[in-house]
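Peer 1: Structure file data36.txt (compact mmCIF, C-alpha atoms) right here:
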# COMPACT_ATOMS: atom_id res chain seq x y z
CA MET A 1 -27.37 67.26 3.15
CA PRO A 2 -25.00 67.15 6.18
CA ARG A 3 -22.34 69.82 6.21
CA TRP A 4 -19.73 67.40 7.59
CA SER A 5 -19.43 63.81 6.42
CA SER A 6 -17.16 62.83 9.31
CA PHE A 7 -15.81 64.26 12.54
CA ASP A 8 -12.40 64.61 10.87
CA SER A 9 -13.92 66.88 8.24
CA PHE A 10 -15.42 69.09 10.95
CA LEU A 11 -12.15 69.15 12.88
CA ALA A 12 -10.13 70.06 9.78
CA GLU A 13 -12.42 73.02 9.10
CA ALA A 14 -12.32 74.12 12.74
CA GLN A 15 -8.52 73.97 12.88
CA ASN A 16 -8.30 76.06 9.71
CA THR A 17 -10.51 78.72 11.31
CA ASP A 18 -9.25 81.39 13.70
CA ALA A 19 -9.83 80.41 17.32
CA ALA A 20 -11.99 83.49 17.91
CA GLU A 21 -14.37 82.38 15.13
CA ARG A 22 -14.71 78.67 15.95
CA GLN A 23 -17.68 78.75 18.33
CA PRO A 24 -20.23 79.30 15.53
CA LEU A 25 -18.82 76.17 13.87
CA VAL A 26 -19.34 74.22 17.08
CA ASP A 27 -22.88 75.56 17.40
CA ALA A 28 -23.60 74.48 13.82
CA LEU A 29 -22.14 71.03 14.48
CA MET A 30 -24.29 70.51 17.57
CA ALA A 31 -27.40 71.68 15.75
CA GLU A 32 -26.69 69.21 12.95
CA ARG A 33 -25.52 66.36 15.18
CA PRO A 34 -26.86 66.69 18.75
CA VAL A 35 -26.13 63.05 19.62
CA PHE A 36 -22.63 61.67 20.25
CA PRO A 37 -20.54 59.50 20.08
CA TRP A 38 -20.02 59.95 16.36
CA ILE A 39 -19.52 56.40 15.11
CA GLY A 40 -17.28 55.66 12.15
CA ASP A 41 -15.48 52.60 10.86
CA HIS A 42 -13.57 51.24 13.88
CA GLN A 43 -13.71 54.68 15.50
CA ALA A 44 -15.92 56.61 17.88
CA THR A 45 -15.60 60.29 18.74
CA PHE A 46 -16.92 61.43 22.11
CA ALA A 47 -17.77 65.08 22.76
CA PHE A 48 -18.50 67.30 25.73
CA ILE A 49 -19.88 70.83 25.87
CA GLY A 50 -18.81 72.82 28.93
CA ASN A 51 -17.64 76.26 29.98
CA GLY A 52 -15.24 76.77 32.86
CA VAL A 53 -14.02 73.17 32.64
CA GLU A 54 -10.35 72.34 33.14
CA ARG A 55 -10.25 68.63 32.27
CA VAL A 56 -12.50 66.04 30.65
CA ALA A 57 -11.69 62.35 30.19
CA LEU A 58 -13.35 59.22 28.86
CA ASN A 59 -13.66 56.64 31.66
CA LEU A 60 -13.62 53.22 30.01
CA ASP A 61 -12.55 50.03 31.77
CA THR A 62 -11.00 48.59 28.60
CA ILE A 63 -8.32 51.31 28.83
CA GLN A 64 -5.28 49.61 30.38
CA SER A 65 -4.09 52.31 32.78
CA ASP A 66 -4.82 53.67 36.23
CA PRO A 67 -6.97 55.64 36.06
CA PRO A 68 -8.59 54.05 32.96
CA PHE A 69 -9.06 57.44 31.30
CA ALA A 70 -8.52 58.85 27.82
CA PRO A 71 -8.15 62.66 28.09
CA PHE A 72 -10.29 64.87 25.86
CA THR A 73 -8.79 67.67 23.78
CA HIS A 74 -10.18 71.18 24.16
CA LEU A 75 -10.91 72.99 20.90
CA GLU A 76 -9.39 76.39 21.59
CA GLY A 77 -11.80 79.31 21.53
CA THR A 78 -14.87 77.13 22.11
CA ASN A 79 -16.73 75.20 24.81
CA PHE A 80 -16.14 71.97 22.85
CA TRP A 81 -14.06 68.99 24.06
CA TYR A 82 -13.48 65.76 22.12
CA VAL A 83 -11.59 62.47 21.99
CA THR A 84 -11.49 59.80 19.28
CA ARG A 85 -10.73 56.15 20.07
CA GLU A 86 -10.37 52.95 18.06
CA PHE A 87 -12.87 50.12 18.64
CA GLU A 88 -13.99 46.87 17.09
CA ASN A 89 -17.14 47.31 15.02
CA ASP A 90 -19.12 44.94 17.26
CA ASP A 91 -18.12 46.59 20.55
CA LEU A 92 -20.86 47.31 23.08
CA LEU A 93 -19.28 49.03 26.08
CA ASP A 94 -20.34 51.09 29.07
CA TYR A 95 -18.51 54.29 29.91
CA LEU A 96 -18.64 57.49 31.93
CA LEU A 97 -17.17 60.96 31.56
CA ALA A 98 -14.76 62.25 34.21
CA VAL A 99 -15.08 66.04 34.43
CA ASP A 100 -12.40 67.91 36.38
CA ASP A 101 -11.30 64.64 37.96
CA PRO A 102 -7.85 64.91 39.60
CA MET A 103 -6.61 62.21 37.15
CA THR A 104 -4.65 60.46 39.93
CA PRO A 105 -4.58 56.65 40.25
CA LEU A 106 -7.73 55.00 41.57
CA ALA A 107 -5.83 52.32 43.47
CA ASN A 108 -5.73 53.08 47.20
CA ASP A 109 -7.59 56.38 46.79
CA PRO A 110 -9.20 56.86 50.24
CA HIS A 111 -11.76 59.28 48.80
CA LEU A 112 -12.78 57.23 45.76
CA VAL A 113 -16.52 57.18 46.48
CA GLU A 114 -16.63 60.95 46.95
CA ARG A 115 -14.50 61.39 43.83
CA VAL A 116 -16.84 59.27 41.71
CA MET A 117 -19.92 61.13 42.92
CA ARG A 118 -18.35 64.53 42.32
CA HIS A 119 -16.60 64.06 38.99
CA TRP A 120 -17.96 61.04 37.09
CA ARG A 121 -21.17 61.32 35.10
CA THR A 122 -23.10 59.85 32.22
CA ASP A 123 -22.66 61.39 28.79
CA PRO A 124 -25.28 64.16 28.34
CA LEU A 125 -25.00 63.84 24.54
CA ASN A 126 -25.76 60.11 24.50
CA PRO A 127 -29.35 58.96 25.18
CA THR A 128 -28.36 55.26 25.28
CA ARG A 129 -27.85 54.38 28.94
CA MET A 130 -28.06 51.59 31.45
CA ASP A 131 -29.75 52.70 34.64
CA ALA A 132 -29.15 50.57 37.72
CA ALA A 133 -29.60 51.03 41.45
CA GLN A 134 -25.92 51.54 42.20
CA THR A 135 -24.79 53.45 39.14
CA ASN A 136 -25.92 54.70 35.75
CA VAL A 137 -23.65 54.38 32.74
CA SER A 138 -23.67 55.50 29.12
CA VAL A 139 -23.46 52.89 26.38
CA LEU A 140 -21.24 52.93 23.31
CA ARG A 141 -22.80 50.80 20.58
CA MET A 142 -20.64 50.39 17.50
CA ALA A 143 -22.24 49.80 14.10
CA GLU A 144 -22.24 45.98 14.19
CA ALA A 145 -22.86 45.51 17.92
CA ARG A 146 -25.83 43.62 19.28
CA PRO A 147 -28.98 45.71 19.68
CA PHE A 148 -29.41 47.53 22.97
CA PRO A 149 -32.99 48.84 23.05
CA ASN A 150 -35.02 49.87 26.05
CA TRP A 151 -37.21 46.78 26.05
CA ALA A 152 -39.62 48.38 28.54
CA ALA A 153 -40.49 51.11 26.03
CA MET A 154 -41.94 48.74 23.40
CA SER A 155 -45.55 49.78 23.75
CA ARG A 156 -46.96 47.45 21.08
CA VAL A 157 -45.70 44.32 22.82
CA PRO A 158 -48.25 42.52 25.04
CA HIS A 159 -46.94 42.33 28.59
CA GLY A 160 -47.06 39.49 31.05
CA ARG A 161 -47.34 39.99 34.79
CA VAL A 162 -44.69 40.01 37.50
CA ILE A 163 -45.94 38.71 40.83
CA GLU A 164 -43.89 39.72 43.87
CA VAL A 165 -43.68 37.41 46.89
CA THR A 166 -41.09 36.61 49.55
CA ILE A 167 -39.37 33.36 50.32
CA ASP A 168 -37.39 31.93 53.24
CA SER A 169 -34.75 29.22 53.17
CA GLU A 170 -33.72 26.88 55.97
CA GLU A 171 -31.12 25.27 53.69
CA VAL A 172 -29.25 28.52 52.97
CA GLY A 173 -30.36 30.42 56.07
CA PHE A 174 -32.19 33.54 54.91
CA LYS A 175 -35.61 35.08 55.42
CA GLY A 176 -37.75 37.46 53.42
CA ARG A 177 -35.90 37.40 50.11
CA ARG A 178 -37.85 38.87 47.22
CA LEU A 179 -39.04 36.43 44.57
CA SER A 180 -40.39 37.94 41.34
CA VAL A 181 -42.34 35.52 39.17
CA TYR A 182 -43.07 36.44 35.56
CA THR A 183 -46.16 34.92 33.97
CA PRO A 184 -46.46 35.32 30.19
CA PRO A 185 -49.34 36.99 28.34
CA GLY A 186 -52.35 34.67 28.30
CA TYR A 187 -51.28 32.69 31.36
CA GLU A 188 -54.36 33.52 33.45
CA GLY A 189 -57.22 31.21 32.60
CA SER A 190 -55.35 29.21 29.96
CA GLY A 191 -55.18 26.03 32.04
CA LEU A 192 -51.88 25.13 30.37
CA VAL A 193 -48.60 24.18 32.00
CA TYR A 194 -45.55 26.28 31.16
CA PRO A 195 -41.76 25.87 31.08
CA LEU A 196 -40.00 27.41 34.07
CA LEU A 197 -36.72 29.30 34.13
CA ILE A 198 -35.11 30.12 37.49
CA MET A 199 -32.83 33.16 37.23
CA HIS A 200 -30.43 34.18 39.97
CA ASP A 201 -29.81 37.80 41.03
CA GLY A 202 -33.49 38.59 40.70
CA GLN A 203 -32.96 42.24 41.61
CA TRP A 204 -30.96 42.57 38.37
CA ALA A 205 -33.09 40.26 36.24
CA ASN A 206 -36.30 42.11 37.15
CA GLY A 207 -34.49 45.46 37.08
CA PRO A 208 -31.79 46.75 34.75
CA LEU A 209 -31.51 43.48 32.80
CA GLN A 210 -35.20 43.78 31.81
CA VAL A 211 -35.79 40.02 31.63
CA PRO A 212 -39.63 40.22 31.73
CA TYR A 213 -39.72 42.82 28.93
CA ILE A 214 -37.28 40.81 26.82
CA ALA A 215 -39.44 37.73 27.31
CA ASP A 216 -42.53 39.69 26.25
CA ALA A 217 -40.89 40.68 22.96
CA LEU A 218 -39.48 37.22 22.25
CA ILE A 219 -42.84 35.58 22.93
CA LYS A 220 -44.67 38.03 20.66
CA HIS A 221 -42.31 37.30 17.78
CA HIS A 222 -42.35 33.52 18.36
CA ARG A 223 -38.69 33.37 19.33
CA MET A 224 -39.40 31.99 22.80
CA GLN A 225 -42.05 29.62 24.10
CA PRO A 226 -44.36 31.30 26.63
CA SER A 227 -42.66 30.53 29.94
CA LEU A 228 -42.63 31.26 33.64
CA ILE A 229 -39.51 33.01 34.95
CA ALA A 230 -38.72 32.98 38.67
CA MET A 231 -36.20 35.68 39.60
CA VAL A 232 -34.71 35.15 43.06
CA GLN A 233 -33.12 38.05 44.91
CA SER A 234 -29.53 37.37 45.94
CA GLY A 235 -27.81 38.29 49.15
CA THR A 236 -25.34 41.12 49.29
CA GLY A 237 -21.55 41.08 49.52
CA GLU A 238 -20.22 38.02 51.31
CA GLU A 239 -23.69 36.44 51.44
CA ARG A 240 -23.82 36.34 47.65
CA ASN A 241 -20.26 35.04 47.34
CA ARG A 242 -20.98 32.24 49.79
CA GLU A 243 -24.39 31.25 48.42
CA TYR A 244 -23.49 31.41 44.74
CA GLY A 245 -20.29 29.45 45.02
CA VAL A 246 -20.29 25.71 44.50
CA SER A 247 -22.83 25.27 47.28
CA ASP A 248 -24.92 22.18 47.97
CA ALA A 249 -27.02 24.22 50.39
CA HIS A 250 -28.06 26.52 47.58
CA TYR A 251 -28.73 23.57 45.28
CA LEU A 252 -31.00 22.05 47.95
CA PHE A 253 -32.77 25.40 48.32
CA LEU A 254 -33.59 25.31 44.61
CA LEU A 255 -34.64 21.67 44.60
CA THR A 256 -36.47 21.27 47.91
CA GLU A 257 -37.73 24.75 48.77
CA LEU A 258 -38.04 27.04 45.75
CA LEU A 259 -39.18 24.51 43.17
CA PRO A 260 -41.95 22.94 45.30
CA MET A 261 -43.23 26.42 46.16
CA LEU A 262 -43.38 27.35 42.46
CA GLN A 263 -45.01 24.05 41.47
CA THR A 264 -47.67 24.55 44.14
CA ASN A 265 -48.58 28.10 43.12
CA PHE A 266 -47.96 28.10 39.35
CA ARG A 267 -48.63 25.71 36.49
CA VAL A 268 -45.14 24.38 35.83
CA ASP A 269 -44.21 21.90 33.09
CA SER A 270 -41.87 19.71 35.11
CA THR A 271 -40.22 18.35 31.95
CA LYS A 272 -38.95 21.83 31.03
CA ILE A 273 -37.20 23.49 33.96
CA GLY A 274 -34.15 25.68 33.42
CA VAL A 275 -31.75 27.52 35.68
CA GLY A 276 -29.45 30.37 34.80
CA GLY A 277 -27.52 33.39 35.92
CA VAL A 278 -24.78 35.88 35.28
CA ALA A 279 -21.31 35.90 36.86
CA LEU A 280 -21.43 34.02 40.19
CA GLY A 281 -25.14 33.40 39.59
CA ALA A 282 -24.09 31.34 36.58
CA VAL A 283 -21.80 29.29 38.83
CA ALA A 284 -24.73 28.50 41.13
CA ALA A 285 -26.81 27.54 38.09
CA ALA A 286 -24.06 25.28 36.72
CA HIS A 287 -23.65 23.48 40.04
CA ALA A 288 -27.38 22.78 40.28
CA ALA A 289 -27.63 21.57 36.69
CA LEU A 290 -24.60 19.30 37.09
CA ARG A 291 -26.01 17.89 40.31
CA ASN A 292 -29.38 17.14 38.75
CA PRO A 293 -29.68 17.51 34.95
CA ALA A 294 -32.83 15.38 35.00
CA VAL A 295 -34.62 18.22 36.83
CA PHE A 296 -32.69 21.23 35.54
CA SER A 297 -32.71 20.31 31.86
CA ARG A 298 -31.88 23.82 30.59
CA LEU A 299 -28.90 25.95 31.61
CA ILE A 300 -27.85 29.57 30.96
CA LEU A 301 -24.23 30.48 31.69
CA ILE A 302 -23.47 34.17 31.18
CA SER A 303 -19.88 35.07 32.10
CA PRO A 304 -19.24 32.65 34.97
CA PRO A 305 -15.83 33.13 36.66
CA LEU A 306 -14.18 29.76 36.08
CA GLY A 307 -10.49 30.67 36.23
CA LYS A 308 -7.81 32.49 38.16
CA GLY A 309 -8.97 34.42 41.21
CA ALA A 310 -11.03 33.85 44.35
CA ASN A 311 -11.94 30.17 44.90
CA GLN A 312 -10.17 29.31 41.64
CA ASP A 313 -9.59 25.62 42.38
CA GLN A 314 -13.26 25.02 43.16
CA LEU A 315 -14.41 27.01 40.14
CA ARG A 316 -11.98 25.34 37.73
CA GLU A 317 -13.29 21.99 38.91
CA LEU A 318 -16.66 22.89 37.38
CA ILE A 319 -15.08 22.62 33.93
CA ASN A 320 -13.84 19.12 34.77
CA ARG A 321 -17.30 18.19 36.01
CA PHE A 322 -18.82 19.20 32.68
CA GLU A 323 -16.24 17.06 30.88
CA GLN A 324 -16.74 14.02 33.10
CA ALA A 325 -20.51 14.18 33.54
CA GLU A 326 -22.40 11.17 32.20
CA ALA A 327 -25.46 13.35 31.62
CA LEU A 328 -25.84 17.07 30.97
CA PRO A 329 -28.81 19.41 30.56
CA GLU A 330 -30.58 19.05 27.21
CA ARG A 331 -30.00 22.67 26.22
CA ILE A 332 -27.10 24.90 27.31
CA PHE A 333 -26.40 28.52 26.42
CA GLN A 334 -23.00 30.03 27.26
CA SER A 335 -21.54 33.48 26.60
CA VAL A 336 -18.53 35.60 27.50
CA GLY A 337 -17.34 39.12 26.74
CA ARG A 338 -14.18 39.70 24.72
CA TYR A 339 -12.94 42.28 27.24
CA GLU A 340 -13.54 40.26 30.39
CA ALA A 341 -10.46 39.31 32.40
CA ARG A 342 -8.71 36.69 30.32
CA ALA A 343 -7.54 34.35 33.06
CA ARG A 344 -10.73 34.65 35.12
CA PHE A 345 -13.42 34.60 32.42
CA TYR A 346 -12.34 34.53 28.77
CA ARG A 347 -9.92 31.61 28.47
CA PRO A 348 -11.90 29.34 30.84
CA ALA A 349 -15.02 30.11 28.77
CA GLN A 350 -13.23 28.95 25.63
CA ASN A 351 -12.07 25.78 27.41
CA LEU A 352 -15.64 25.01 28.45
CA ARG A 353 -16.83 25.77 24.91
CA ASP A 354 -14.44 23.18 23.50
CA ILE A 355 -15.78 20.56 25.92
CA LEU A 356 -19.48 21.27 25.43
CA SER A 357 -19.36 21.64 21.67
CA SER A 358 -18.08 18.06 21.40
CA ARG A 359 -20.77 16.53 23.62
CA ARG A 360 -23.54 14.57 22.01
CA ASN A 361 -27.19 14.82 23.04
CA VAL A 362 -26.75 18.46 24.12
CA ALA A 363 -28.16 21.40 22.16
CA TYR A 364 -25.39 23.88 22.83
CA GLU A 365 -24.93 27.52 21.83
CA TYR A 366 -21.89 29.70 22.52
CA ALA A 367 -21.54 33.44 21.95
CA GLU A 368 -18.78 36.00 22.36
CA LEU A 369 -19.64 39.67 22.38
CA GLY A 370 -17.58 42.85 22.34
CA SER A 371 -18.27 43.74 25.96
CA GLY A 372 -16.69 43.65 29.38
CA HIS A 373 -17.95 42.11 32.60
CA GLY A 374 -21.00 44.20 33.39
CA LEU A 375 -24.73 44.65 33.12
CA VAL A 376 -24.57 46.16 29.62
CA GLY A 377 -23.09 43.01 28.11
CA PHE A 378 -25.32 40.78 30.21
CA ARG A 379 -28.49 42.51 29.01
CA ALA A 380 -27.37 42.48 25.39
CA ILE A 381 -26.92 38.70 25.32
CA LEU A 382 -30.07 37.77 27.26
CA PRO A 383 -32.43 37.74 24.22
CA GLU A 384 -30.26 35.04 22.60
CA ALA A 385 -30.01 33.13 25.88
CA LEU A 386 -33.75 33.10 26.52
CA ALA A 387 -34.61 32.22 22.93
CA TRP A 388 -32.16 29.30 22.99
CA THR A 389 -33.37 27.97 26.33
CA PHE A 390 -37.06 27.64 25.43
CA PRO A 391 -37.35 28.08 21.65
CA ASP A 392 -40.83 28.45 20.21
CA GLY A 393 -41.37 25.77 17.59
CA ALA A 394 -43.81 28.07 15.79
CA GLY A 395 -41.01 30.53 14.99
Any chance you could give the structure as structure tokens?
Peer 2:
Amino acid sequence: MPRWSSFDSFLAEAQNTDAAERQPLVDALMAERPVFPWIGDHQATFAFIGNGVERVALNLDTIQSDPPFAPFTHLEGTNFWYVTREFENDDLLDYLLAVDDPMTPLANDPHLVERVMRHWRTDPLNPTRMDAAQTNVSVLRMAEARPFPNWAAMSRVPHGRVIEVTIDSEEVGFKGRRLSVYTPPGYEGSGLVYPLLIMHDGQWANGPLQVPYIADALIKHHRMQPSLIAMVQSGTGEERNREYGVSDAHYLFLLTELLPMLQTNFRVDSTKIGVGGVALGAVAAAHAALRNPAVFSRLILISPPLGKGANQDQLRELINRFEQAEALPERIFQSVGRYEARARFYRPAQNLRDILSSRRNVAYEYAELGSGHGLVGFRAILPEALAWTFPDGAG
């Protein structure tokens, strides 16, 4: 039987105990509950254990301040720090802890990179994390949030293969980009043709977003038809912005260079080809599908920027193109995070939802999740996106 039914009950007992005698209470709490945050109804309490620490703060981008920090409180006489915040019960958010950070504004800080490396860290009491090449973050998952498992750790799920090759493009003007092609379990020797999904930002799809492992699990449980997934590495910085905008060159790369290469080397069902992406990658996918819905008959749109901001006129025009198009892809999945920038992502997503939900002859699914604009939210929604794009009729 737990000694404390809530963090408030622990805190009340600690505050009614002399400061010199509180540390044994903290030790008992951590023995009983070694994992934080402590999730309650619409609340989460974060904790930190540290001696010789002057300041601790929760670094969360949904906090509307600069810096976006919520300071921890130190429990006098102990090595225990804590902060409690209100959340929606379906929130799924990434965060970091800022330890002995100067707490000055981030804007125009000339030493921001050094500051992040020195003071910001993942939560040592929380095993749920997103590990990526550029940064690792901890994950807050409230009680009703979408699942966030480590799909790669599911040992009882049969795994497909990921074949790594490189590809060049005369249309876009690059050489030696990595192309990772997922083939589902049973592909070798089956003689069958398979649906094909082209996913942009292949370094994310075949990395922290865990697309091949998600596909493995969905296929095993008959949520997704066994499919090929081609994950194309994107350029960096300005290259990515240029290529993934509303670009006919990139569309022609998909249609005349990438697709023929895949059809030559893999058994592709040409009646079931999809294209998808996250953020600007979703913009590139939308442009291709609008240009040629007869070829790209499935579309995944995860958090495309379709509103106020860089290239806003061109991006807003995509919404008009969906409304005016005589033909659209057969199946479309769209999602957005509740905490994404309202004028850039959230409101334009709702506008597009209103248009697509009224279109006939389109199987359309829309989802909102309690996340911001980042890899955590993208990974959480991908199982629904993949299952919608190529549903398995046996499931």
Peer 1: Would you work out the distance separating CA of Val362 in chain A from CA of Ile229 in chain A, expressed in Å to one decimal?
Peer 2: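 Rounded to one decimal, the two atoms are 22.2 Å apart.
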Peer 1: Just want the 7 Å neighbourhood of range 187-202 of chain A, counted on only C-alpha atoms, with same-chain residues fewer than 2 positions away dropped. Output as JSON, numbers by chain.
Peer 2: {"A": [180, 183, 184, 185, 204, 205, 206, 226, 227, 228, 229, 230, 231, 232, 233, 234, 267, 268, 269, 272, 273, 274, 275, 276, 277, 281]}
Peer 1: May I have the residues within 9 Å of Gln23 in chain A as a list in words, using all atoms listed in the file and disregarding those fewer than 6 positions away in the same chain?
Peer 2: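 These residues fall inside the cut-off: Gly77, Thr78, Asn79 and Phe80 of chain A.
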Peer 1: Excluding same-chain residues fewer than 4 positions from Leu299 in chain A, what lies within 8 Å of it counting all atoms listed in the file, as a ChimeraX atom specification?
Peer 2: /A:274-276,285-286,289,329,331-333,389
Peer 1: Near range 123-125 of chain A, within 12 Å and counting only C-alpha atoms, which residues show up once chain neighbours fewer than 6 positions away are dropped, as a PyMOL selection string?
Peer 2: chain A and resi 30+33-38+45-50+56-59+82+94-99+136-140
Peer 1: How would the residues just chosen look if you wrote them out with C-alpha atoms as an mmCIF file, in the coordinates of the input?
Peer 2:
data_model
loop_
_atom_site.group_PDB
_atom_site.id
_atom_site.type_symbol
_atom_site.label_atom_id
_atom_site.label_comp_id
_atom_site.auth_asym_id
_atom_site.auth_seq_id
_atom_site.Cartn_x
_atom_site.Cartn_y
_atom_site.Cartn_z
ATOM 1 C CA MET A 30 -24.290 70.510 17.570
ATOM 2 C CA ARG A 33 -25.520 66.360 15.180
ATOM 3 C CA PRO A 34 -26.860 66.690 18.750
ATOM 4 C CA VAL A 35 -26.130 63.050 19.620
ATOM 5 C CA PHE A 36 -22.630 61.670 20.250
ATOM 6 C CA PRO A 37 -20.540 59.500 20.080
ATOM 7 C CA TRP A 38 -20.020 59.950 16.360
ATOM 8 C CA THR A 45 -15.600 60.290 18.740
ATOM 9 C CA PHE A 46 -16.920 61.430 22.110
ATOM 10 C CA ALA A 47 -17.770 65.080 22.760
ATOM 11 C CA PHE A 48 -18.500 67.300 25.730
ATOM 12 C CA ILE A 49 -19.880 70.830 25.870
ATOM 13 C CA GLY A 50 -18.810 72.820 28.930
ATOM 14 C CA VAL A 56 -12.500 66.040 30.650
ATOM 15 C CA ALA A 57 -11.690 62.350 30.190
ATOM 16 C CA LEU A 58 -13.350 59.220 28.860
ATOM 17 C CA ASN A 59 -13.660 56.640 31.660
ATOM 18 C CA TYR A 82 -13.480 65.760 22.120
ATOM 19 C CA ASP A 94 -20.340 51.090 29.070
ATOM 20 C CA TYR A 95 -18.510 54.290 29.910
ATOM 21 C CA LEU A 96 -18.640 57.490 31.930
ATOM 22 C CA LEU A 97 -17.170 60.960 31.560
ATOM 23 C CA ALA A 98 -14.760 62.250 34.210
ATOM 24 C CA VAL A 99 -15.080 66.040 34.430
ATOM 25 C CA ASN A 136 -25.920 54.700 35.750
ATOM 26 C CA VAL A 137 -23.650 54.380 32.740
ATOM 27 C CA SER A 138 -23.670 55.500 29.120
ATOM 28 C CA VAL A 139 -23.460 52.890 26.380
ATOM 29 C CA LEU A 140 -21.240 52.930 23.310
#
Peer 1: Find the residue from A:Gln324, A:Thr256, A:Gln134, A:Ser371 that sits nearest to Arg338 in chain A; use all atoms listed in the file when measuring.
Peer 2: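 Going through A:Gln324, A:Thr256, A:Gln134, A:Ser371 one by one, the smallest distance to Arg338 in chain A is for A:Ser371.
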Peer 1: Interatomic distance between CA of Ala143 in chain A and CA of Glu340 in chain A?
Peer 2: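 So the two atoms, CA of Ala143 in chain A and CA of Glu340 in chain A, lie 20.8 Å apart.
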Peer 1: Find, counting only C-alpha atoms, the residue in A:Asp216, A:Asp168, A:Asp27, A:Glu365 that gets nearest to Phe253 in chain A.
Peer 2: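 Of A:Asp216, A:Asp168, A:Asp27, A:Glu365, the one nearest Phe253 in chain A, counting only C-alpha atoms, is A:Asp168.
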Peer 1: Can you work out which one of A:Asn126, A:Asn89, A:Ser247, A:Gln64 has the shortest atom-to-atom distance to Leu315 in chain A, counting only C-alpha atoms?
Peer 2: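 Looking at the shortest contact to Leu315 in chain A, the residue is A:Ser247.
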Peer 1: Near Thr166 in chain A, within 7 Å and counting all atoms listed in the file, which residues show up once chain neighbours fewer than 4 positions away are dropped, as a list in words?
Peer 2: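 The residues satisfying every condition are Gly176, Arg177, Arg178 and Leu179 of chain A.
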Peer 1: Rebuild range 127-143 of chain A to N, CA and C atoms - output it as a short mmCIF file (atom, residue, chain, number, x, y, z; two decimals), in the coordinates of the input, please.
Peer 2:
data_model
loop_
_atom_site.label_atom_id
_atom_site.label_comp_id
_atom_site.auth_asym_id
_atom_site.auth_seq_id
_atom_site.Cartn_x
_atom_site.Cartn_y
_atom_site.Cartn_z
N PRO A 127 -28.13 59.41 24.51
CA PRO A 127 -29.35 58.96 25.18
C PRO A 127 -29.34 57.47 25.53
N THR A 128 -28.39 56.70 25.01
CA THR A 128 -28.36 55.26 25.28
C THR A 128 -27.62 55.03 26.59
N ARG A 129 -28.38 54.53 27.59
CA ARG A 129 -27.85 54.38 28.94
C ARG A 129 -28.32 53.08 29.55
N MET A 130 -27.62 52.67 30.58
CA MET A 130 -28.06 51.59 31.45
C MET A 130 -28.23 52.18 32.83
N ASP A 131 -29.46 52.15 33.32
CA ASP A 131 -29.75 52.70 34.64
C ASP A 131 -29.90 51.56 35.63
N ALA A 132 -29.11 51.59 36.68
CA ALA A 132 -29.15 50.57 37.72
C ALA A 132 -29.17 51.25 39.08
N ALA A 133 -29.44 50.45 40.11
CA ALA A 133 -29.60 51.03 41.45
C ALA A 133 -28.32 51.67 41.94
N GLN A 134 -27.18 51.04 41.67
CA GLN A 134 -25.92 51.54 42.20
C GLN A 134 -25.28 52.61 41.33
N THR A 135 -25.41 52.48 40.02
CA THR A 135 -24.79 53.45 39.14
C THR A 135 -25.48 53.44 37.78
N ASN A 136 -25.44 54.59 37.12
CA ASN A 136 -25.92 54.70 35.75
C ASN A 136 -24.72 54.88 34.84
N VAL A 137 -24.76 54.27 33.67
CA VAL A 137 -23.65 54.38 32.74
C VAL A 137 -24.19 54.68 31.35
N SER A 138 -23.36 55.31 30.53
CA SER A 138 -23.67 55.50 29.12
C SER A 138 -23.18 54.29 28.35
N VAL A 139 -23.75 54.09 27.16
CA VAL A 139 -23.46 52.89 26.38
C VAL A 139 -22.96 53.29 25.00
N LEU A 140 -21.77 52.80 24.66
CA LEU A 140 -21.24 52.93 23.31
C LEU A 140 -21.66 51.69 22.52
N ARG A 141 -22.39 51.91 21.45
CA ARG A 141 -22.80 50.80 20.58
C ARG A 141 -22.23 51.05 19.19
N MET A 142 -21.22 50.27 18.82
CA MET A 142 -20.64 50.39 17.50
C MET A 142 -21.59 49.80 16.45
N ALA A 143 -21.27 50.04 15.17
CA ALA A 143 -22.24 49.80 14.10
C ALA A 143 -22.71 48.35 14.01
#
